[in-house]
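J.: I'd like to ask you about the structure that follows.
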Amino acid sequence: MEIWINPACSKCRSALTLLDAEGADYTVRRYLEDVPSEEEIRGVLDRLGLEPWDITRTQEAEAKELGLKEWARDAASRERWIAALAGHPRLIQRPIITAEDGTAVVARTEEAVRDALSR
C-alpha cells in the first residue's frame, strides 16, 4: 500500500503511527514534493469512488484564491478540478491510502486506517 502524506499534518502522522504499530508494509509519498499527475489523481479518485471536489481542501488559501467554492461540481467541470489538484497539491485531502485490493481511503480517522489495513 501507499500513503500520500504531508509530514506537517497531524492526521498523516497519526496514520503512519498506526500503520507502524500494526506492522503494515507501505510506502510513503510526500505528495507536496512528488506531485501526483492528473492521471494519478484520476486513478486515485476511481479507487476512492469519489469526485475531485470530494477530496479538495476548500478552506486552504489557494482554494480561496482560485474561487473553488464557486466552481460547478458536475461532470463537465471534473477535469478542471483535477487540473487544480495537480497544479496545487496542497488542496488534496490527506492522508490517502491506496489499499492492496485496488481501493483507497481518505485516512483521516483511525477507523479509516484500519479499514485500509483490512483490505
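In the C-alpha cells, each chain is lettered A, B, ... as it comes, each chain's residues begin at 1, and ligands are numbered from 1 in order of appearance.
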What's around A:Gln59 at 10 Å? Count only C-alpha atoms, leave out sequence neighbours fewer than 3 positions away in its own chain, and write the answer as a ChimeraX atom specification.
T.: /A:56,62-64,68-69,91
J.: Could those residues be written to a file, using N, CA, C and O atoms, as a PDB file, in the first residue's frame?
T.:
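Ended up saving to part_34.pdb:
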```pdb
ATOM      1  N   THR A  56     -11.024  17.754  -2.058  1.00  0.00           N
ATOM      2  CA  THR A  56     -10.398  19.079  -2.146  1.00  0.00           C
ATOM      3  C   THR A  56     -10.543  19.812  -0.816  1.00  0.00           C
ATOM      4  O   THR A  56     -11.624  19.884  -0.250  1.00  0.00           O
ATOM      5  N   GLU A  62      -5.109  28.726  -1.093  1.00  0.00           N
ATOM      6  CA  GLU A  62      -5.073  28.546  -2.549  1.00  0.00           C
ATOM      7  C   GLU A  62      -6.476  28.300  -3.103  1.00  0.00           C
ATOM      8  O   GLU A  62      -6.803  28.767  -4.199  1.00  0.00           O
ATOM      9  N   ALA A  63      -7.293  27.558  -2.375  1.00  0.00           N
ATOM     10  CA  ALA A  63      -8.665  27.291  -2.820  1.00  0.00           C
ATOM     11  C   ALA A  63      -9.464  28.581  -2.876  1.00  0.00           C
ATOM     12  O   ALA A  63     -10.238  28.805  -3.814  1.00  0.00           O
ATOM     13  N   LYS A  64      -9.256  29.411  -1.886  1.00  0.00           N
ATOM     14  CA  LYS A  64      -9.964  30.699  -1.858  1.00  0.00           C
ATOM     15  C   LYS A  64      -9.496  31.595  -2.996  1.00  0.00           C
ATOM     16  O   LYS A  64     -10.312  32.255  -3.640  1.00  0.00           O
ATOM     17  N   LEU A  68     -12.626  28.223  -5.633  1.00  0.00           N
ATOM     18  CA  LEU A  68     -13.162  26.861  -5.793  1.00  0.00           C
ATOM     19  C   LEU A  68     -14.586  26.686  -5.278  1.00  0.00           C
ATOM     20  O   LEU A  68     -15.337  25.888  -5.829  1.00  0.00           O
ATOM     21  N   LYS A  69     -14.947  27.411  -4.247  1.00  0.00           N
ATOM     22  CA  LYS A  69     -16.306  27.248  -3.702  1.00  0.00           C
ATOM     23  C   LYS A  69     -17.377  27.586  -4.730  1.00  0.00           C
ATOM     24  O   LYS A  69     -18.491  27.082  -4.647  1.00  0.00           O
ATOM     25  N   LEU A  91      -4.060  21.312  -2.037  1.00  0.00           N
ATOM     26  CA  LEU A  91      -5.517  21.214  -1.976  1.00  0.00           C
ATOM     27  C   LEU A  91      -6.018  19.783  -1.808  1.00  0.00           C
ATOM     28  O   LEU A  91      -7.190  19.570  -1.526  1.00  0.00           O
TER      29      LEU A  91
END
```
J.: Show me, as a PyMOL selection string, the residues that have an atom within 7 Å of A:Ile55 when counting only C-alpha atoms, minus same-chain residues fewer than 3 positions from it.
T.: chain A and resi 52+92-93
J.: Write out as a Markdown table a residue-level contact list of stretch 62-107 of chain A versus stretch 3-16 of chain A with cut-off 8 Å: for each qualifying residue the closest pair of atoms and the distance in Å to one decimal, counting only C-alpha atoms, rows sorted by chain and residue number upward.
T.:
```
| residue | atom | partner | partner_atom | distance |
| --- | --- | --- | --- | --- |
| A:Arg94 | CA | A:Ile5 | CA | 6.1 |
| A:Pro95 | CA | A:Ile5 | CA | 5.1 |
| A:Ile96 | CA | A:Trp4 | CA | 5.1 |
| A:Ile97 | CA | A:Ile3 | CA | 4.3 |
| A:Thr98 | CA | A:Ile3 | CA | 6.4 |
| A:Ala107 | CA | A:Ala15 | CA | 6.9 |
```
J.: Please run DSSP on the backbone and report, as JSON, numbers by chain, all residues within stretch 21-66 of chain A that come out as strand (DSSP E or B).
T.: {"A": [27, 28, 29, 30, 56]}
J.: Given the selection you just returned, output its residues as a file containing C-alpha atoms, formatted as a tab-separated table (two decimals), in the first residue's frame.
T.:
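Output below, filename result.tsv:
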```tsv
chain	number	residue	atom	x	y	z
A	27	THR	CA	5.48	3.26	1.02
A	28	VAL	CA	5.24	6.97	1.80
A	29	ARG	CA	4.59	9.53	-0.89
A	30	ARG	CA	5.16	13.12	0.17
A	56	THR	CA	-10.40	19.08	-2.15
```
J.: Measuring atom to atom with only C-alpha atoms, identify which of A:Asp20, A:Glu70, A:Glu38, A:Glu2 is nearest to A:His88.
T.: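 Checking each of A:Asp20, A:Glu70, A:Glu38, A:Glu2 against A:His88, counting only C-alpha atoms, the winner is A:Glu38.
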J.: Using only C-alpha atoms, which protein or nucleic acid residues come within 12 Å of A:Arg42? Drop anything in the same chain fewer than 2 positions from it, and give the result as a PyMOL selection string.
T.: chain A and resi 36-40+44-52+55+78-83+85-86
J.: Rank nothing, just name the residue among A:Val35, A:Leu19, A:Trp53, A:Val106 nearest to A:Ser77, using only C-alpha atoms.
T.: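 Going through A:Val35, A:Leu19, A:Trp53, A:Val106 one by one, the smallest distance to A:Ser77 is for A:Trp53.
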J.: Check the DSSP output for the backbone and give back, as number ranges by chain, the residues of chain A in alpha helix (DSSP H).
T.: A: 10-21, 38-48, 61-66, 78-87, 110-117
J.: Go ahead and compute the interatomic distance for atom CA of A:Glu60 and atom CA of A:Thr109, in Å to one decimal.
T.: 20.2 Å
